[in-house]
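The block underneath contains the structure these notes are about, expressed in structure tokens.
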Amino acid sequence: MKLLYSNILPLRTEDNQQTIADCFNEQMSKADRVDIAVGYTSNASLSELEALADTYEIKCIRLTIGMYYLEGMPEGAYHTALKINEKWQNSGIGEIRLVKSFKYHGKVYCFYKDGIPFSAIIGSANLGVIKLEAANRRQYEISALTTDPDEVSELAEHIEQLNQPICSANIAEAGNVPLIREKNTSLDGVELVTPVPQANVEFYKQCTPSVSFELQLKVPKKDERHMDDGKHFTKSNINVCYAAPRSKRKSRDWYETQLTVGANIYRMEGYPEKNKPFFVITDDGYWFKAHTTSDNNKQFSAVGDELIMGRWLKGRLAAAGIVRPVNNTKEDNEERRGMITQEMLDEYGCDRLLFEKTGQTAIDKDGSPLDVWMLSFIGSSN
């Protein structure tokens, strides 16, 4: 048995000591199959494991995660795990599984060559140890590497038992995995946006709306991203950032959106008057001022910053790991990886916005009372 350490001051590793991460990489480089069972992962460590499997051309890999099915899984890690699982299954090299029968808190890494397990790591380290982040950079772990054939075989058999259908299931087939929403950091530090306590959100949710309407988001399917036929895609709504830029030098900001409603909505009694401000509280706890603009006051936008709506809406998809923000939409205009598609909305489980006039008012800075509207990102089943 060889002890493995974290390298954290004041307990820095000595010359004769090896870190858990370095040992993991070393064993991966010798293996053609890897079986892992841990309690927790992170978004970054999942991506790192995927990259290492590609680098070392691993022929078979299984990752079993033990705590999330009963505790809830961070949505960013969940969506990343689904994509990696699909990739591994399509290529026939492996899968990602969730333990369903109980909370599994073990941390075992088993390495094979030519069908025989030759080493294993066991200890306190979850998968996050292979890719340190701010959340675990100062978290000290200790583990051990064993190459004893009997011990390695016993640990390999343990993981095999854990991967039986009575204990676990493939993540895509597990069903009803409770998700923990990630914090949308795209609105952090935005001057005109105020975070509000969840109690405030619940209060406005319980108000009986005097007016409500849904706005379906117009987006292409994945294979339609380059069809600029004027129906939707780049002409309006959530993907307007891919329309022709206002300036030849500058690309549109990826967060730019146009929330446009139809005549059946803007003709409703109680619909906001043009350029008359009102407050918006979002279902995830943000507060800002908005108004309606354009012909027939058909567009909803935040007052003072046209990117706020996009930061709220697209920021949630980015926080969930479904899409990555694009720094330059002009440069992305060929591949359009940052274009929101129907598949992305389906994966997130929300494809429309719900606006509800709460019947409440709040006092603006100038002392005037403004209506309060509730804004929610919902799915067809809500």
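Identifiers in this document derive from the order of the structure tokens: chains are assigned A, B, ..., residues are numbered from 1 separately in each chain, and ligands are numbered from 1 in order of occurrence.
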Asp332 (chain A) surroundings by only C-alpha atoms, 10 Å radius, close-in-sequence under 6 positions cut, as a ChimeraX atom specification | /A:242,251,326,338-339
Limited to all heavy atoms, could you put the picked residues into a file as a PDB file, in the first residue's frame?
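That gives us selection_8.pdb:
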```pdb
ATOM      1  N   TYR A 242     -27.494  36.781 -33.482  1.00  0.00           N
ATOM      2  CA  TYR A 242     -26.892  36.273 -34.713  1.00  0.00           C
ATOM      3  C   TYR A 242     -27.415  36.990 -35.958  1.00  0.00           C
ATOM      4  O   TYR A 242     -27.034  36.625 -37.078  1.00  0.00           O
ATOM      5  CB  TYR A 242     -27.125  34.769 -34.830  1.00  0.00           C
ATOM      6  CG  TYR A 242     -26.251  33.983 -33.885  1.00  0.00           C
ATOM      7  CD1 TYR A 242     -26.725  33.601 -32.626  1.00  0.00           C
ATOM      8  CD2 TYR A 242     -24.941  33.659 -34.216  1.00  0.00           C
ATOM      9  CE1 TYR A 242     -25.918  32.902 -31.744  1.00  0.00           C
ATOM     10  CE2 TYR A 242     -24.126  32.961 -33.337  1.00  0.00           C
ATOM     11  CZ  TYR A 242     -24.620  32.585 -32.102  1.00  0.00           C
ATOM     12  OH  TYR A 242     -23.813  31.902 -31.216  1.00  0.00           O
ATOM     13  N   SER A 251     -19.628  42.944 -33.295  1.00  0.00           N
ATOM     14  CA  SER A 251     -20.640  41.885 -33.305  1.00  0.00           C
ATOM     15  C   SER A 251     -21.676  42.195 -32.229  1.00  0.00           C
ATOM     16  O   SER A 251     -21.431  42.953 -31.300  1.00  0.00           O
ATOM     17  CB  SER A 251     -19.995  40.525 -33.033  1.00  0.00           C
ATOM     18  OG  SER A 251     -19.505  40.469 -31.710  1.00  0.00           O
ATOM     19  N   VAL A 326     -20.900  32.998 -25.786  1.00  0.00           N
ATOM     20  CA  VAL A 326     -20.001  33.275 -26.904  1.00  0.00           C
ATOM     21  C   VAL A 326     -19.469  34.694 -26.764  1.00  0.00           C
ATOM     22  O   VAL A 326     -20.239  35.644 -26.603  1.00  0.00           O
ATOM     23  CB  VAL A 326     -20.752  33.103 -28.246  1.00  0.00           C
ATOM     24  CG1 VAL A 326     -19.900  33.590 -29.411  1.00  0.00           C
ATOM     25  CG2 VAL A 326     -21.142  31.649 -28.448  1.00  0.00           C
ATOM     26  N   GLY A 338     -23.253  28.773 -30.091  1.00  0.00           N
ATOM     27  CA  GLY A 338     -23.951  29.484 -29.025  1.00  0.00           C
ATOM     28  C   GLY A 338     -25.404  29.766 -29.317  1.00  0.00           C
ATOM     29  O   GLY A 338     -26.096  30.386 -28.502  1.00  0.00           O
ATOM     30  N   MET A 339     -25.893  29.348 -30.472  1.00  0.00           N
ATOM     31  CA  MET A 339     -27.298  29.572 -30.809  1.00  0.00           C
ATOM     32  C   MET A 339     -28.168  28.625 -29.983  1.00  0.00           C
ATOM     33  O   MET A 339     -27.921  27.420 -29.927  1.00  0.00           O
ATOM     34  CB  MET A 339     -27.541  29.366 -32.305  1.00  0.00           C
ATOM     35  CG  MET A 339     -28.993  29.598 -32.713  1.00  0.00           C
ATOM     36  SD  MET A 339     -29.261  29.579 -34.509  1.00  0.00           S
ATOM     37  CE  MET A 339     -28.747  31.248 -34.927  1.00  0.00           C
TER      38      MET A 339
END
```
Residues near Ile281 (chain A), anyone? I mean within 6 Å using only C-alpha atoms, not counting same-chain ones fewer than 3 positions away, as an mmCIF file with N, CA and C atoms, in the first residue's frame.
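What follows is the written file part21.cif:
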```cif
data_model
loop_
_atom_site.group_PDB
_atom_site.id
_atom_site.type_symbol
_atom_site.label_atom_id
_atom_site.label_comp_id
_atom_site.auth_asym_id
_atom_site.auth_seq_id
_atom_site.Cartn_x
_atom_site.Cartn_y
_atom_site.Cartn_z
ATOM 1 N N TYR A 286 -34.559 37.639 -8.816
ATOM 2 C CA TYR A 286 -33.967 38.907 -9.250
ATOM 3 C C TYR A 286 -35.064 39.939 -9.451
ATOM 4 N N TRP A 287 -34.688 41.194 -9.245
ATOM 5 C CA TRP A 287 -35.638 42.315 -9.294
ATOM 6 C C TRP A 287 -35.044 43.410 -10.161
ATOM 7 N N MET A 374 -44.549 39.169 -12.293
ATOM 8 C CA MET A 374 -43.753 37.970 -12.040
ATOM 9 C C MET A 374 -43.317 37.395 -13.379
#
```
In region 45-283 of chain A, what's strand (DSSP E) per DSSP? Answer as a compact mmCIF listing (two decimals) with C-alpha atoms, in the first residue's frame?
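Saved the output as states.txt:
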```txt
# COMPACT_ATOMS: atom_id res chain seq x y z
CA CYS A 60 -13.63 0.80 -21.43
CA ILE A 61 -14.67 3.26 -18.71
CA ARG A 62 -17.50 3.33 -16.17
CA LEU A 63 -18.20 6.04 -13.65
CA THR A 64 -20.72 5.33 -10.88
CA ILE A 65 -21.91 8.26 -8.75
CA MET A 73 -27.59 16.57 -8.49
CA PRO A 74 -26.30 20.02 -9.52
CA GLY A 94 -18.63 2.88 -21.32
CA GLU A 95 -21.25 4.75 -19.33
CA ILE A 96 -22.08 6.87 -16.30
CA ARG A 97 -24.35 5.33 -13.66
CA LEU A 98 -26.23 6.61 -10.60
CA VAL A 99 -26.69 4.57 -7.44
CA VAL A 108 -12.77 3.67 -5.34
CA TYR A 109 -10.76 3.87 -8.57
CA CYS A 110 -9.85 0.58 -10.25
CA PHE A 111 -7.46 0.23 -13.22
CA TYR A 112 -7.31 -2.70 -15.67
CA LYS A 113 -5.01 -3.93 -18.41
CA ILE A 116 -7.09 -7.87 -15.36
CA PRO A 117 -7.30 -5.26 -12.57
CA PHE A 118 -3.74 -4.27 -11.62
CA SER A 119 -4.17 -1.35 -9.21
CA ALA A 120 -6.75 0.56 -7.22
CA ILE A 121 -6.99 3.85 -5.34
CA ILE A 122 -9.20 4.04 -2.26
CA GLY A 123 -9.61 6.80 0.31
CA ILE A 142 -5.79 11.31 1.71
CA SER A 143 -5.96 8.01 -0.14
CA ALA A 144 -3.94 4.89 -0.79
CA LEU A 145 -2.80 3.01 -3.88
CA THR A 146 -2.77 -0.77 -3.72
CA SER A 168 -27.62 1.47 -9.92
CA ALA A 169 -28.82 2.53 -13.37
CA ASN A 170 -27.45 4.34 -16.37
CA LEU A 179 -31.81 18.58 -9.90
CA ILE A 180 -30.30 21.43 -7.93
CA THR A 194 -31.13 43.44 -7.32
CA PRO A 195 -31.13 39.91 -5.84
CA VAL A 211 -53.28 39.39 -16.13
CA SER A 212 -51.04 36.56 -17.35
CA PHE A 213 -49.69 35.35 -20.66
CA GLU A 214 -47.08 32.93 -22.01
CA LEU A 215 -44.39 33.76 -24.54
CA GLN A 216 -43.16 30.75 -26.52
CA LEU A 259 -38.92 39.36 -26.31
CA THR A 260 -41.70 40.11 -28.81
CA PHE A 278 -43.02 48.43 -14.01
CA PHE A 279 -41.06 46.14 -11.71
CA VAL A 280 -40.22 42.54 -12.57
CA ILE A 281 -39.42 39.84 -10.02
CA THR A 282 -38.09 36.60 -11.51
```
Determine the nearest neighbour of Pro277 (chain A) from the options A:Ile265, A:Ile166, A:Leu370, A:Leu11, counting only C-alpha atoms.
->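 Smallest separation from Pro277 (chain A) among the options: A:Leu370.
For region 123-159 of chain A, backbone-based DSSP assignment of alpha helix (DSSP H) covers Pro149, Asp150, Glu151, Val152, Ser153, Glu154, Leu155, Ala156, Glu157, His158 and Ile159 of chain A.
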